[in-house]
Every structure is written in C-alpha cells, then in structure tokens.
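The file final_22.txt contains compact mmCIF, C-alpha atoms:
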# COMPACT_ATOMS: atom_id res chain seq x y z
CA MET A 1 8.36 -5.54 16.86
CA THR A 2 4.81 -4.25 16.63
CA THR A 3 4.16 -0.74 17.91
CA VAL A 4 0.64 0.56 18.45
CA GLN A 5 -0.70 4.06 18.84
CA SER A 6 -4.29 5.28 18.85
CA GLN A 7 -5.19 8.57 17.22
CA GLN A 8 -8.56 10.30 17.15
CA MET A 9 -9.23 11.57 13.65
CA THR A 10 -12.39 13.68 13.58
CA GLY A 11 -14.70 11.12 15.13
CA ILE A 12 -12.90 8.01 13.86
CA ASP A 13 -10.69 6.24 16.38
CA VAL A 14 -7.80 5.13 14.15
CA THR A 15 -5.19 2.84 15.65
CA VAL A 16 -1.80 2.89 13.93
CA ARG A 17 0.00 -0.45 14.04
CA ASP A 18 3.59 -0.64 12.86
CA LEU A 19 4.37 -4.33 12.35
CA GLY A 20 8.00 -3.84 11.39
CA ARG A 21 9.01 -6.72 9.13
CA MET A 22 6.50 -9.54 8.76
CA PRO A 23 5.72 -12.32 6.24
CA TYR A 24 2.88 -11.58 3.86
CA ALA A 25 0.59 -14.43 5.01
CA GLU A 26 0.85 -13.37 8.65
CA ALA A 27 0.02 -9.75 7.85
CA LEU A 28 -2.89 -10.83 5.64
CA ALA A 29 -4.42 -12.86 8.47
CA LEU A 30 -4.07 -9.87 10.80
CA GLN A 31 -5.78 -7.59 8.25
CA LYS A 32 -8.74 -9.92 7.92
CA GLY A 33 -9.22 -10.00 11.68
CA LEU A 34 -9.06 -6.21 11.96
CA GLN A 35 -11.48 -5.77 9.06
CA GLN A 36 -14.01 -8.01 10.78
CA GLU A 37 -13.53 -6.07 14.03
CA VAL A 38 -14.30 -2.78 12.27
CA ILE A 39 -17.40 -4.29 10.63
CA GLU A 40 -18.66 -5.59 13.98
CA SER A 41 -17.98 -2.26 15.71
CA ARG A 42 -20.86 -0.71 13.77
CA ALA A 43 -23.37 -2.68 15.83
CA ARG A 44 -22.01 -0.97 18.96
CA GLY A 45 -22.26 2.47 17.36
CA ALA A 46 -18.48 2.77 17.36
CA SER A 47 -16.37 4.15 14.53
CA LEU A 48 -13.08 2.31 14.46
CA GLY A 49 -10.25 2.13 11.96
CA TYR A 50 -6.71 0.83 11.64
CA LEU A 51 -3.65 1.94 9.75
CA VAL A 52 -1.27 -1.01 9.45
CA LEU A 53 2.31 -0.41 8.29
CA VAL A 54 4.68 -3.22 7.36
CA GLU A 55 7.72 -4.27 5.34
CA HIS A 56 7.31 -7.75 3.94
CA ARG A 57 10.13 -10.19 4.60
CA PRO A 58 10.73 -12.61 3.05
CA PRO A 59 10.07 -10.72 -0.18
CA VAL A 60 6.94 -11.85 -1.98
CA ILE A 61 5.22 -11.56 -5.34
CA THR A 62 1.46 -11.35 -4.90
CA ILE A 63 -0.89 -12.39 -7.68
CA SER A 64 -4.53 -11.37 -7.79
CA ARG A 65 -7.46 -13.47 -8.96
CA ARG A 66 -7.58 -11.64 -12.29
CA LYS A 67 -7.44 -14.31 -15.02
CA THR A 68 -4.47 -12.77 -16.81
CA ALA A 69 -2.41 -11.94 -13.70
CA ARG A 70 -0.42 -15.20 -13.60
CA ARG A 71 0.85 -14.54 -17.12
CA HIS A 72 2.70 -11.49 -15.82
CA LEU A 73 5.04 -13.61 -13.68
CA VAL A 74 8.08 -13.88 -15.95
CA ALA A 75 10.59 -15.37 -13.49
CA THR A 76 11.44 -19.06 -13.42
CA ASP A 77 11.20 -21.11 -10.24
CA GLU A 78 14.99 -21.12 -10.13
CA GLN A 79 15.17 -17.33 -10.30
CA LEU A 80 12.63 -16.97 -7.52
CA ALA A 81 14.44 -19.47 -5.33
CA GLY A 82 17.76 -17.75 -5.97
CA ALA A 83 16.32 -14.39 -4.92
CA GLY A 84 14.51 -15.87 -1.91
CA ILE A 85 11.15 -14.60 -3.16
CA GLU A 86 7.86 -16.28 -2.29
CA ILE A 87 4.66 -16.39 -4.36
CA ALA A 88 1.30 -15.66 -2.74
CA GLN A 89 -2.24 -15.60 -4.07
CA THR A 90 -4.13 -12.51 -2.96
CA ASP A 91 -7.76 -11.39 -2.91
CA ARG A 92 -7.08 -7.71 -3.54
CA GLY A 93 -7.88 -5.89 -6.75
CA GLY A 94 -5.25 -5.20 -9.36
CA ASP A 95 -2.86 -7.63 -11.00
CA ILE A 96 0.63 -8.68 -9.87
CA THR A 97 3.12 -6.84 -7.71
CA TYR A 98 6.20 -7.24 -5.54
CA HIS A 99 6.71 -6.52 -1.84
CA GLY A 100 10.01 -6.56 -0.02
CA PRO A 101 12.40 -4.77 2.34
CA GLY A 102 12.74 -1.05 1.76
CA GLN A 103 9.14 -0.80 0.59
CA LEU A 104 6.56 0.79 2.87
CA VAL A 105 3.35 -1.21 2.65
CA VAL A 106 0.29 0.42 4.20
CA TYR A 107 -2.98 -1.38 4.87
CA PRO A 108 -5.77 1.03 5.87
CA ILE A 109 -8.67 -0.82 7.48
CA LEU A 110 -11.29 1.92 7.24
CA ASP A 111 -15.07 2.18 7.21
CA LEU A 112 -15.77 3.84 3.88
CA ASN A 113 -19.33 4.59 5.01
CA ALA A 114 -17.92 6.71 7.84
CA LEU A 115 -15.65 8.47 5.35
CA ARG A 116 -18.52 8.89 2.87
CA LEU A 117 -16.39 7.35 0.13
CA ARG A 118 -16.92 4.70 -2.51
CA ILE A 119 -14.24 2.79 -4.39
CA HIS A 120 -13.31 5.43 -6.98
CA GLY A 121 -13.16 8.19 -4.39
CA TYR A 122 -11.21 6.00 -1.98
CA MET A 123 -8.52 5.26 -4.58
CA ARG A 124 -8.13 8.98 -5.28
CA PHE A 125 -8.01 9.53 -1.49
CA LEU A 126 -5.07 7.10 -1.21
CA GLU A 127 -3.28 8.55 -4.21
CA GLN A 128 -3.49 12.07 -2.78
CA ILE A 129 -2.02 10.93 0.53
CA VAL A 130 0.99 9.48 -1.27
CA ILE A 131 1.35 12.54 -3.51
CA ASP A 132 1.35 14.80 -0.44
CA THR A 133 3.84 12.54 1.36
CA LEU A 134 6.23 12.57 -1.58
CA ALA A 135 5.96 16.37 -1.81
CA GLU A 136 7.35 16.66 1.72
CA PHE A 137 10.58 15.14 0.41
CA GLY A 138 10.75 17.12 -2.82
CA ILE A 139 9.28 14.53 -5.19
CA GLN A 140 6.43 15.55 -7.48
CA GLY A 141 4.03 12.63 -7.62
CA GLN A 142 1.22 12.48 -10.13
CA ARG A 143 -1.77 10.42 -11.18
CA ASP A 144 -2.07 8.57 -14.47
CA LYS A 145 -5.55 8.66 -15.96
CA CYS A 146 -5.03 5.16 -17.38
CA ALA A 147 -3.63 3.42 -14.29
CA THR A 148 -4.19 3.49 -10.54
CA GLY A 149 -1.26 4.44 -8.32
CA VAL A 150 1.25 7.27 -8.07
CA TRP A 151 3.81 8.05 -10.77
CA VAL A 152 6.78 10.38 -11.23
CA GLY A 153 8.62 11.88 -14.18
CA GLY A 154 7.78 13.02 -17.67
CA SER A 155 7.78 9.44 -18.94
CA PRO A 156 5.95 8.26 -15.85
CA GLN A 157 7.46 5.60 -13.64
CA LYS A 158 5.39 4.01 -10.91
CA ILE A 159 6.60 4.76 -7.40
CA CYS A 160 3.54 3.52 -5.52
CA ALA A 161 1.26 0.60 -6.41
CA MET A 162 -2.27 0.23 -5.06
CA GLY A 163 -4.85 -2.52 -4.75
CA VAL A 164 -7.73 -2.89 -2.32
CA ARG A 165 -10.55 -5.17 -1.31
CA VAL A 166 -13.75 -3.99 0.34
CA SER A 167 -16.14 -6.08 2.42
CA ARG A 168 -19.36 -4.46 3.66
CA TRP A 169 -17.68 -1.14 2.81
CA VAL A 170 -14.67 -1.73 5.07
CA SER A 171 -11.35 -1.64 3.23
CA MET A 172 -8.27 -3.81 3.44
CA HIS A 173 -5.03 -4.13 1.45
CA GLY A 174 -3.86 -0.72 0.25
CA LEU A 175 -0.62 0.73 -1.08
CA ALA A 176 3.07 -0.07 -1.50
CA LEU A 177 5.48 2.87 -1.69
CA ASN A 178 9.01 2.19 -2.93
CA VAL A 179 11.46 3.92 -0.61
CA THR A 180 14.75 1.97 -0.85
CA THR A 181 13.25 -1.09 -2.54
CA ASN A 182 15.42 -3.44 -4.60
CA LEU A 183 14.05 -2.47 -8.01
CA ASP A 184 15.80 -5.38 -9.73
CA HIS A 185 13.14 -7.65 -8.26
CA PHE A 186 10.50 -5.97 -10.39
CA ASP A 187 12.25 -7.45 -13.44
CA LEU A 188 10.76 -10.80 -12.38
CA ILE A 189 7.23 -9.60 -13.18
CA VAL A 190 5.30 -7.26 -15.44
CA PRO A 191 4.46 -4.83 -12.60
CA CYS A 192 0.70 -4.41 -12.21
CA GLY A 193 0.35 -6.05 -15.64
CA LEU A 194 1.36 -2.82 -17.38
CA VAL A 195 3.59 -3.79 -20.29
CA GLY A 196 6.35 -1.29 -21.05
CA ARG A 197 5.90 0.74 -17.85
CA THR A 198 8.77 0.95 -15.37
CA VAL A 199 9.03 1.42 -11.63
CA THR A 200 11.14 3.72 -9.49
CA SER A 201 11.80 4.49 -5.84
CA MET A 202 12.37 7.47 -3.61
CA GLN A 203 16.01 6.44 -3.40
CA ARG A 204 16.38 6.44 -7.18
CA GLN A 205 14.76 9.87 -7.37
CA LEU A 206 16.67 11.47 -4.50
CA GLY A 207 19.94 9.57 -4.22
CA ASP A 208 21.75 10.28 -0.95
CA ALA A 209 18.99 12.68 0.07
CA CYS A 210 16.50 9.82 0.35
CA PRO A 211 14.75 9.77 3.74
CA THR A 212 14.72 6.76 6.01
CA LEU A 213 11.74 4.44 6.04
CA ASP A 214 10.83 5.72 9.52
CA GLN A 215 10.78 9.31 8.24
CA VAL A 216 8.46 8.31 5.41
CA LYS A 217 6.21 6.44 7.86
CA HIS A 218 5.94 9.51 10.07
CA SER A 219 5.03 11.72 7.12
CA LEU A 220 2.51 9.29 5.68
CA ILE A 221 0.72 8.83 9.02
CA SER A 222 0.47 12.62 9.29
CA GLN A 223 -0.94 12.86 5.77
CA PHE A 224 -3.52 10.17 6.57
CA ARG A 225 -4.68 12.21 9.55
CA ILE A 226 -4.96 15.35 7.41
CA ALA A 227 -6.81 13.48 4.63
CA ILE A 228 -9.33 11.88 6.99
CA ASP A 229 -10.02 15.20 8.69
CA ARG A 230 -10.37 16.92 5.30
CA THR A 231 -12.75 14.24 4.01
CA LEU A 232 -15.03 14.44 7.04
CA THR A 233 -15.07 18.22 7.43

Final structure tokens representation of the file:
Amino acid sequence: MTTVQSQQMTGIDVTVRDLGRMPYAEALALQKGLQQEVIESRARGASLGYLVLVEHRPPVITISRRKTARRHLVATDEQLAGAGIEIAQTDRGGDITYHGPGQLVVYPILDLNALRLRIHGYMRFLEQIVIDTLAEFGIQGQRDKCATGVWVGGSPQKICAMGVRVSRWVSMHGLALNVTTNLDHFDLIVPCGLVGRTVTSMQRQLGDACPTLDQVKHSLISQFRIAIDRTLT
C-alpha cells in the first residue's frame, strides 16, 4: 500500500511516498513521471520534490548502460530462475546491483538547482544521510575515496549502494540500504563491478539488535529533512 505525506523542508515542498513492495519496472515508471512533474513545476515558480521509498519484489538485478556492466552478472539463467530474480536494464549511473526484500531503496526526486548542488556534491549529500542514519543505530558508516556508497568495517564492506540519473538537474534513482537483505543473492553478481569487495547489512552488523525496516525508514526520512535544511541554510 502506498502512503503519502507532504513535508515542508525550508522552502521545498517534499512529498514522501512509501510504496511498500513494488516491482522495479512499476517504480521506475513512477519515478520518471515524478521527475517530469518536478521539472515542469519550475515554470510555475514552485519548488517541489519527492522522496520515494520502496522494497522491490520480485527481487531484481539491475544493470546499467556501462559497457562492462553485463560482464559482472555471474549467475546462470537457471540460478536466477531458481531464486526468482528478474533482470532489468536501468538508465542510472553505476554498474550492476541487486534489489530485494529487506532492502530499503530510496529514490529522491529533487531539484538540484534548488539545493545548489551538482553531481559530486549530491552524492556526498546522499552518503552523509545514510551515515547519519546508520549512526542512530550504532553503526559507523564511512566513505571510500575510491568508490561511491557507504561502507563499514576496517576491511570495508558495502552496506549502501548508490546510483543516480539527472535530467535538467532533477535527480532520480538513488540509494539501496541493506537492512535485512538476503546477502546470498549478491553472490550472483560482482556488486557494483567492484571485484573482491563484499557487502553487508544492518542485520549482519547488529544481529538481534537490528531495527525494523519501518524504524530505518523513519530515521532516514528525518535525516533527509535535516540534510535539506542544512544544505539550504
């Protein structure tokens, strides 16, 4: 079930839409429509934005247009069918990744002109939101100077993947935070095309103390509000 709430964030009217569980293709079509709506709102002098939250079911492996991305799919058709995992082409940046139940996927549809951000700054903006969200639950997230996303541990493991697309400086796609994700599914790919790097989840880091997906959603929405306010003020 989709839930909607509108929140005023320092001059930007950001509507939060929680889609629950939804197939990837359906959520992608929704994103594209919202992105166009935000672009068109400029002509009316409005400043709109959306924060779309979703878990993808059925699980899906998304492959970007990068020439080498397809090589990082290591699963056979039989393995994919046995796991019930779909394949989808995507127009975001990045390489290859996995989405499925227990993973919080967040698609910010934001006017980067209004936020006074460009691509590099926007990626750091997203990373900081995730780092601050993880800190609320006792996980120390960190950046990796060689790879986008959020990592944990001394031998860093990726806990949150990121990839975006921008049209007329309005963003879509976003981030995927592993909460209680089935990490075995990442064995079917070379995650984000990074050979030798592993993935983790909040559940693996915290065990029985892992928060629910709804608790993580609540925290992340709050951190988005703080980050937008901080960026504009």

Need to verify the contact set: Asp132 in chain A, 9 Å, all atoms listed in the file, exclusion of same-chain residues closer than 6 positions in sequence. Can you return it as a list in words? Gln140, Gly141, Ser219, Leu220 and Gln223 of chain A

Please identify all polymer residues within 7 Å of range 184-193 of chain A, counting all atoms listed in the file, omitting same-chain residues fewer than 2 positions from it, and present them as a list in words. Ala69, His72, Leu73, Val74, Ala75, Gly94, Asp95, Ile96, Thr97, Tyr98, Asn182 and Val195 of chain A

Find the residue from A:Met123, A:Val60, A:Val130, A:Cys146 that sits nearest to Ala88 in chain A; use all atoms listed in the file when measuring. A:Val60

So which one's closest to His56 in chain A, A:Ala176, A:Ala114, A:Val16, A:Cys160? Using only C-alpha atoms, please.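 Among the listed residues, the smallest separation from His56 in chain A belongs to A:Ala176.
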
Option closest in space to Ile85 in chain A, from A:Pro23, A:Gly138, A:Gly102, A:Gly49 [counting all atoms listed in the file]: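 Checking each candidate against Ile85 in chain A, we get A:Pro23 as the closest.
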
Nearby residues (all atoms listed in the file) at most 8 Å from Phe137 in chain A, same-chain spacing under 2 positions excluded, as a ChimeraX atom specification: /A:133-135,139,210-211

Need to verify the contact set: range 19-21 of chain A, 12 Å, only C-alpha atoms, exclusion of same-chain residues closer than 6 positions in sequence. Can you return it as a ChimeraX atom specification? /A:1-5,27-28,30-31,51-59,99-107,213-214,217

Long-range neighbours of Trp151 in chain A as a PyMOL selection string, 8 Å cut-off, only C-alpha atoms, 6 positions minimum in chain: chain A and resi 141-144+157-160

Smallest atom-to-atom distance to Tyr122 in chain A: which of A:Ser171, A:Thr68, A:Thr180, A:Gln79, using only C-alpha atoms?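 For Tyr122 in chain A, the nearest of the given residues is A:Ser171.
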
Tell me which of A:Val199, A:Ile226, A:Leu48, A:Ile61 sits closest to Pro108 in chain A, counting only C-alpha atoms. A:Leu48

Please measure the separation of CA of Gln205 in chain A and CA of Ile221 in chain A, giving the value in Å to one decimal.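 It comes out at 21.6 Å.
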
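With all atoms listed in the file as the atoms that count, the minimum distance from Tyr50 in chain A to the choices A:His173, A:Arg66, A:Arg230, A:Lys145 is reached by A:His173.
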
Provide an axis-aligned box for all listed atoms of range 50-57 of chain A, padding each side by 4 Å; report its centre and its edge lengths in Å to one decimal, as lines of an AutoDock Vina configuration file.
center_x = 1.7
center_y = -4.1
center_z = 7.8
size_x = 24.8
size_y = 20.1
size_z = 15.7

Just the number, please: distance in Å from CA of Val170 in chain A to CA of Leu112 in chain A, one decimal. 5.8 Å
